[in-house]
>>> print(open('input_14.txt').read())   # compact mmCIF, C-alpha atoms
# COMPACT_ATOMS: atom_id res chain seq x y z
CA ASP I 941 0.00 0.00 0.00
CA LYS I 942 2.99 2.35 0.48
CA LYS I 943 3.71 2.67 -3.26
CA GLU I 944 0.05 3.28 -4.05
CA GLY I 945 -0.22 5.92 -1.30
CA LEU I 946 2.97 7.68 -2.41
CA ALA I 947 1.88 7.77 -6.06
CA PHE I 948 -1.47 9.22 -5.03
CA ALA I 949 0.19 11.89 -2.86
CA LYS I 950 2.59 12.89 -5.66
CA LYS I 951 -0.32 13.26 -8.06
CA TYR I 952 -2.23 15.71 -5.85
CA ILE I 953 0.42 17.46 -3.73
CA ARG I 954 0.92 20.36 -6.11
CA LYS I 955 -2.78 21.01 -6.62
CA PRO I 956 -3.88 24.38 -5.20
CA TYR I 957 -6.28 24.52 -2.27
CA GLU I 958 -9.00 25.83 -4.61
CA PHE I 959 -8.94 22.52 -6.51
CA PHE I 960 -9.97 20.58 -3.39
CA ASP I 961 -12.34 23.27 -2.19
CA ARG I 962 -14.26 24.00 -5.38
CA HIS I 963 -13.65 21.32 -8.00
CA VAL I 964 -14.02 18.03 -6.11
CA LEU I 965 -17.20 16.18 -5.20
CA TYR I 966 -16.44 14.05 -2.13
CA ILE I 967 -18.70 11.04 -1.66
CA ASP I 968 -18.91 8.47 1.09
CA ASN I 969 -21.42 6.08 2.56
CA LYS I 970 -22.01 5.75 6.28
CA LYS I 971 -24.03 3.32 8.32
CA TRP I 972 -25.63 4.46 11.56
CA PRO I 973 -27.02 1.91 13.98
CA ILE I 974 -30.43 2.78 15.32
CA TYR I 975 -30.89 1.02 18.63
CA ASN I 976 -34.52 -0.01 18.71
CA THR I 977 -34.79 -2.28 21.73
CA LEU I 978 -34.17 -1.67 25.40
CA ASP I 979 -31.38 -4.27 25.39
CA SER I 980 -29.56 -2.63 22.50
CA LYS I 981 -29.88 0.81 24.11
CA GLU I 982 -28.42 -0.57 27.35
CA TYR I 983 -25.56 -2.13 25.39
CA ALA I 984 -24.89 1.15 23.56
CA THR I 985 -24.83 3.00 26.88
CA MET I 986 -22.50 0.40 28.35
CA GLN I 987 -20.14 0.86 25.37
CA CYS I 988 -20.26 4.69 25.68
CA VAL I 989 -21.77 5.08 22.21
CA ARG I 990 -22.66 8.65 21.33
CA GLY I 991 -24.72 8.52 18.18
CA MET I 992 -22.60 6.59 15.72
CA TYR I 993 -19.27 6.94 17.47
CA ARG I 994 -17.72 5.94 20.78
CA ALA I 995 -16.54 8.57 23.22
CA SER I 996 -13.82 10.77 21.76
CA ALA I 997 -11.15 9.12 23.93
CA TYR I 998 -11.58 5.91 21.92
CA GLY I 999 -11.48 7.49 18.46
CA MET I 1000 -14.08 7.18 15.74
CA GLU I 1001 -14.89 3.49 15.97
CA MET I 1002 -18.42 2.23 15.72
CA ALA I 1003 -19.65 0.06 18.56
CA LEU I 1004 -22.33 -2.32 17.37
CA PRO I 1005 -24.28 -4.62 19.63
CA VAL I 1006 -23.23 -8.22 19.19
CA LYS I 1007 -25.54 -10.90 20.53
CA TYR I 1008 -22.89 -13.24 21.91
CA LYS I 1009 -21.25 -10.44 23.94
CA HIS I 1010 -24.38 -9.50 25.80
CA ARG I 1011 -26.31 -11.96 27.94
CA LYS I 1012 -29.74 -10.68 26.89
CA GLY I 1013 -28.97 -10.34 23.21
CA THR I 1014 -29.41 -7.10 21.36
CA GLY I 1015 -31.05 -5.75 18.28
CA TYR I 1016 -30.67 -2.74 16.06
CA LYS I 1017 -31.66 -1.47 12.66
CA SER I 1018 -29.39 0.62 10.55
CA LEU I 1019 -29.59 3.66 8.35
CA ASN I 1020 -27.17 3.75 5.42
CA ILE I 1021 -26.64 7.16 3.81
CA LEU I 1022 -24.58 7.98 0.73
CA ALA I 1023 -23.73 11.68 0.67
CA GLY I 1024 -21.86 14.02 -1.64
CA PHE I 1025 -20.22 17.27 -0.62
CA GLY I 1026 -18.59 19.71 -3.02
CA ASN I 1027 -17.95 23.39 -3.58
CA CYS I 1028 -18.70 24.12 0.10
CA GLU I 1029 -22.18 22.58 0.17
CA CYS I 1030 -23.98 19.29 0.45
CA LYS I 1031 -24.96 18.22 -3.06
CA PHE I 1032 -27.00 15.17 -2.08
CA ALA I 1033 -27.68 12.74 0.74
CA VAL I 1034 -29.67 9.65 -0.13
CA GLU I 1035 -30.70 6.61 1.82
CA VAL I 1036 -29.38 3.43 0.28
CA CYS I 1037 -30.07 -0.18 1.16
CA LYS I 1038 -33.72 0.44 1.90
CA ALA I 1039 -35.71 -2.46 3.29
CA ASP I 1040 -37.79 -4.47 0.84
CA ALA I 1041 -41.47 -5.36 1.26
CA GLU I 1042 -40.59 -8.10 3.78
CA GLY I 1043 -38.55 -5.70 5.90
CA LYS I 1044 -35.18 -7.18 4.93
CA ALA I 1045 -32.46 -4.66 4.10
CA PRO I 1046 -30.03 -5.68 1.36
CA ASN I 1047 -26.33 -5.02 1.85
CA TRP I 1048 -24.67 -1.92 0.41
CA CYS I 1049 -23.79 -3.07 -3.11
CA ALA I 1050 -22.79 -2.06 -6.61
CA ASN I 1051 -26.42 -1.92 -7.79
CA GLU I 1052 -27.20 0.73 -5.15
CA TYR I 1053 -24.14 2.73 -6.15
CA CYS I 1054 -25.02 2.58 -9.87
CA LYS I 1055 -28.44 4.09 -9.10
CA VAL I 1056 -26.79 6.96 -7.19
CA VAL I 1057 -24.32 7.57 -10.05
CA GLU I 1058 -27.16 7.69 -12.58
CA ARG I 1059 -29.33 10.04 -10.55
CA GLU I 1060 -27.60 12.05 -7.85
CA ILE I 1061 -23.95 12.24 -8.89
CA GLN I 1062 -24.65 13.12 -12.52
CA LYS I 1063 -27.15 15.75 -11.33
CA ALA I 1064 -24.56 17.25 -8.95
CA PHE I 1065 -22.03 17.57 -11.78
CA SER I 1066 -24.56 19.04 -14.21
CA ASP I 1067 -25.92 21.53 -11.63
CA ASP I 1068 -22.44 22.76 -10.64
CA PRO I 1069 -20.10 23.19 -13.65
CA GLU I 1070 -17.14 23.92 -11.33
CA LEU I 1071 -17.06 20.28 -10.17
CA HIS I 1072 -14.60 18.18 -12.16
CA VAL I 1073 -13.47 15.24 -10.01
CA LEU I 1074 -15.33 12.57 -8.05
CA TRP I 1075 -13.36 11.72 -4.87
CA ARG I 1076 -14.14 8.38 -3.25
CA ASP I 1077 -12.57 5.55 -1.32
CA GLN I 1078 -12.14 1.95 -2.48
CA ASP I 1079 -15.18 0.41 -0.85
CA PRO I 1080 -15.12 -3.11 -2.31
CA THR I 1081 -18.87 -3.61 -1.93
CA GLY I 1082 -20.09 -0.54 -3.80
CA TYR I 1083 -17.59 1.69 -5.55
CA ALA I 1084 -14.67 -0.56 -6.42
CA THR I 1085 -16.63 -3.15 -8.36
CA LYS I 1086 -16.89 -3.75 -12.09
CA LYS I 1087 -20.48 -2.43 -12.08
CA GLY I 1088 -19.56 0.66 -10.05
CA ARG I 1089 -16.57 1.53 -12.23
CA LYS I 1090 -18.60 0.92 -15.41
CA ALA I 1091 -21.33 3.28 -14.18
CA GLU I 1092 -18.70 5.97 -13.50
CA ALA I 1093 -17.12 5.46 -16.92
CA ASP I 1094 -20.52 5.56 -18.67
CA ALA I 1095 -21.26 8.84 -16.89
CA GLY I 1096 -17.89 10.24 -18.05
CA LEU I 1097 -16.67 10.95 -14.52
CA THR I 1098 -13.07 11.68 -13.59
CA VAL I 1099 -12.47 9.69 -10.42
CA ALA I 1100 -9.85 10.21 -7.71
CA GLU I 1101 -9.77 6.91 -5.89
CA VAL I 1102 -8.19 7.21 -2.44
CA PRO I 1103 -5.64 4.40 -1.92
CA HIS I 1104 -6.33 1.55 0.47
CA ARG I 1105 -6.20 2.67 4.10
CA ARG I 1106 -4.78 6.09 3.10
CA PRO I 1107 -6.11 8.24 4.64
CA GLY I 1108 -7.88 6.23 7.31
CA LEU I 1109 -10.78 8.67 7.22
CA SER I 1110 -12.65 10.14 4.30
CA PRO I 1111 -13.00 13.95 4.45
CA LEU I 1112 -16.71 13.33 5.00
CA ASP I 1113 -16.01 11.39 8.20
CA VAL I 1114 -14.94 14.56 9.96
CA THR I 1115 -17.16 17.08 8.15
CA PHE I 1116 -20.57 16.21 6.80
CA HIS I 1117 -21.25 12.91 8.59
CA ALA I 1118 -20.02 14.24 11.93
CA ARG I 1119 -22.74 16.93 11.78
CA LEU I 1120 -25.62 14.56 11.09
>>> encode(input="input_14.txt", output="structure tokens")
Amino acid sequence: DKKEGLAFAKKYIRKPYEFFDRHVLYIDNKKWPIYNTLDSKEYATMQCVRGMYRASAYGMEMALPVKYKHRKGTGYKSLNILAGFGNCECKFAVEVCKADAEGKAPNWCANEYCKVVEREIQKAFSDDPELHVLWRDQDPTGYATKKGRKAEADAGLTVAEVPHRRPGLSPLDVTFHARL
């Protein structure tokens, strides 16, 4: 991963601040647990969960209830949001992985991402002509799949793909998603 990270840094190090501020659409998906039972709420309290994150002393790790770690068992639902932020404003925030008619939620996948590329991302680029680059991580379930890359290519998007584990946090982790 070092070579990949170094090549990525060399490519963007000489870009002016304005490039990142005005010409990049940052996207990321986040999953928030929604504790819907008394047991899961007790577990979240026991783990010091504040919203999505643990207390600041433990960093930005998500604490999910796991049945085998809690004597009563726990339950939670989740809300998965894919958001885009560019040119100093939120361009879109859409719920992905909605539950089907039986109440089962599919996993975040390439099909969900293709729908967002076709609707929201293309609209963001057409509404704001200053945006030129789509900045995303290498999520292997949604973005970094053959379907996801094909949808981006079909839309004619220039993509800046953040290398594996570099940086550990997407810019949206500490900006947009932290405010929700």
>>> residues_around(input="input_14.txt", residues="segment 962-964 of chain I", least_positions_apart="2", cutoff="7 Å", atoms="all atoms listed in the file", output="count of residues only")
12
>>> residues_around(input="input_14.txt", residues="Gly1088 of chain I", least_positions_apart="3", cutoff="8 Å", atoms="all atoms listed in the file", output="MDAnalysis selection string")
chainID I and resid 1050:1051 1053:1054 1082:1085 1091:1092
>>> atom_distance(input="input_14.txt", atom1="atom CA of Leu1022 of chain I", atom2="atom CA of Ile967 of chain I")
7.0 Å
>>> atom_distance(input="input_14.txt", atom1="atom CA of Lys1055 of chain I", atom2="atom CA of Asp961 of chain I")
26.0 Å
>>> atom_distance(input="input_14.txt", atom1="atom CA of Ala1095 of chain I", atom2="atom CA of Gln1062 of chain I")
7.0 Å
>>> closest_residue(input="input_14.txt", among="I:Ala1064, I:Asp1079, I:Glu1101, I:Cys1049", to="Phe1025 of chain I", atoms="all atoms listed in the file")
I:Ala1064
>>> closest_residue(input="input_14.txt", among="I:Ala947, I:Ala1093, I:Leu1019, I:Val1102", to="Lys971 of chain I", atoms="all atoms listed in the file")
I:Leu1019
>>> residues_around(input="input_14.txt", residues="Trp1048 of chain I", least_positions_apart="4", cutoff="9 Å", atoms="all atoms listed in the file", output="PyMOL selection string")
chain I and resi 969+1020+1036-1037+1052-1053+1081-1082
>>> write_last_selection(input="input_14.txt", atoms="C-alpha atoms", output="compact mmCIF listing (two decimals), in the coordinates of the input")
# COMPACT_ATOMS: atom_id res chain seq x y z
CA ASN I 969 -21.42 6.08 2.56
CA ASN I 1020 -27.17 3.75 5.42
CA VAL I 1036 -29.38 3.43 0.28
CA CYS I 1037 -30.07 -0.18 1.16
CA GLU I 1052 -27.20 0.73 -5.15
CA TYR I 1053 -24.14 2.73 -6.15
CA THR I 1081 -18.87 -3.61 -1.93
CA GLY I 1082 -20.09 -0.54 -3.80
>>> build_atoms(input="input_14.txt", residues="segment 1025-1036 of chain I", atoms="all heavy atoms", output="tab-separated table (two decimals), in the coordinates of the input")
chain	number	residue	atom	x	y	z
I	1025	PHE	N	-20.50	15.92	-1.08
I	1025	PHE	CA	-20.22	17.27	-0.62
I	1025	PHE	C	-19.21	17.89	-1.56
I	1025	PHE	O	-18.16	17.31	-1.80
I	1025	PHE	CB	-19.67	17.21	0.81
I	1025	PHE	CG	-19.66	18.51	1.53
I	1025	PHE	CD1	-20.76	18.93	2.25
I	1025	PHE	CD2	-18.55	19.33	1.49
I	1025	PHE	CE1	-20.76	20.12	2.93
I	1025	PHE	CE2	-18.53	20.54	2.16
I	1025	PHE	CZ	-19.64	20.93	2.88
I	1026	GLY	N	-19.52	19.05	-2.11
I	1026	GLY	CA	-18.59	19.71	-3.02
I	1026	GLY	C	-18.88	21.18	-3.13
I	1026	GLY	O	-20.02	21.62	-2.94
I	1027	ASN	N	-17.83	21.95	-3.42
I	1027	ASN	CA	-17.95	23.39	-3.58
I	1027	ASN	C	-18.64	24.03	-2.37
I	1027	ASN	O	-19.54	24.84	-2.50
I	1027	ASN	CB	-18.66	23.74	-4.88
I	1027	ASN	CG	-18.30	25.11	-5.38
I	1027	ASN	OD1	-17.57	25.86	-4.74
I	1027	ASN	ND2	-18.82	25.46	-6.54
I	1028	CYS	N	-18.24	23.57	-1.19
I	1028	CYS	CA	-18.70	24.12	0.10
I	1028	CYS	C	-20.18	23.88	0.42
I	1028	CYS	O	-20.76	24.62	1.21
I	1028	CYS	CB	-18.38	25.60	0.19
I	1028	CYS	SG	-16.64	25.96	0.02
I	1029	GLU	N	-20.79	22.88	-0.19
I	1029	GLU	CA	-22.18	22.58	0.17
I	1029	GLU	C	-22.50	21.12	-0.07
I	1029	GLU	O	-21.83	20.43	-0.85
I	1029	GLU	CB	-23.16	23.46	-0.61
I	1029	GLU	CG	-23.15	23.24	-2.09
I	1029	GLU	CD	-24.14	24.12	-2.84
I	1029	GLU	OE1	-24.62	25.11	-2.25
I	1029	GLU	OE2	-24.41	23.82	-4.00
I	1030	CYS	N	-23.52	20.66	0.62
I	1030	CYS	CA	-23.98	19.29	0.45
I	1030	CYS	C	-24.75	19.21	-0.88
I	1030	CYS	O	-25.72	19.93	-1.08
I	1030	CYS	CB	-24.89	18.88	1.60
I	1030	CYS	SG	-25.56	17.22	1.40
I	1031	LYS	N	-24.30	18.36	-1.76
I	1031	LYS	CA	-24.96	18.22	-3.06
I	1031	LYS	C	-26.10	17.20	-3.03
I	1031	LYS	O	-27.07	17.33	-3.73
I	1031	LYS	CB	-23.94	17.80	-4.13
I	1031	LYS	CG	-22.85	18.83	-4.35
I	1031	LYS	CD	-23.42	20.13	-4.87
I	1031	LYS	CE	-22.33	21.13	-5.14
I	1031	LYS	NZ	-22.84	22.40	-5.62
I	1032	PHE	N	-25.93	16.15	-2.22
I	1032	PHE	CA	-27.00	15.17	-2.08
I	1032	PHE	C	-26.73	14.30	-0.85
I	1032	PHE	O	-25.60	14.18	-0.39
I	1032	PHE	CB	-27.14	14.29	-3.32
I	1032	PHE	CG	-25.95	13.41	-3.58
I	1032	PHE	CD1	-25.86	12.15	-3.02
I	1032	PHE	CD2	-24.91	13.85	-4.39
I	1032	PHE	CE1	-24.76	11.35	-3.25
I	1032	PHE	CE2	-23.81	13.05	-4.63
I	1032	PHE	CZ	-23.74	11.79	-4.06
I	1033	ALA	N	-27.76	13.74	-0.32
I	1033	ALA	CA	-27.68	12.74	0.74
I	1033	ALA	C	-28.87	11.82	0.53
I	1033	ALA	O	-30.01	12.25	0.63
I	1033	ALA	CB	-27.73	13.39	2.12
I	1034	VAL	N	-28.60	10.59	0.18
I	1034	VAL	CA	-29.67	9.65	-0.13
I	1034	VAL	C	-29.54	8.41	0.74
I	1034	VAL	O	-28.45	7.96	1.06
I	1034	VAL	CB	-29.69	9.24	-1.62
I	1034	VAL	CG1	-30.01	10.42	-2.50
I	1034	VAL	CG2	-28.38	8.62	-2.05
I	1035	GLU	N	-30.69	7.87	1.09
I	1035	GLU	CA	-30.70	6.61	1.82
I	1035	GLU	C	-30.51	5.48	0.83
I	1035	GLU	O	-31.20	5.42	-0.20
I	1035	GLU	CB	-32.03	6.45	2.55
I	1035	GLU	CG	-32.12	5.17	3.36
I	1035	GLU	CD	-33.46	4.97	4.01
I	1035	GLU	OE1	-34.35	5.83	3.87
I	1035	GLU	OE2	-33.63	3.92	4.65
I	1036	VAL	N	-29.59	4.61	1.12
I	1036	VAL	CA	-29.38	3.43	0.28
I	1036	VAL	C	-29.65	2.20	1.12
I	1036	VAL	O	-29.76	2.27	2.34
I	1036	VAL	CB	-27.95	3.39	-0.32
I	1036	VAL	CG1	-27.77	4.49	-1.33
I	1036	VAL	CG2	-26.89	3.49	0.76
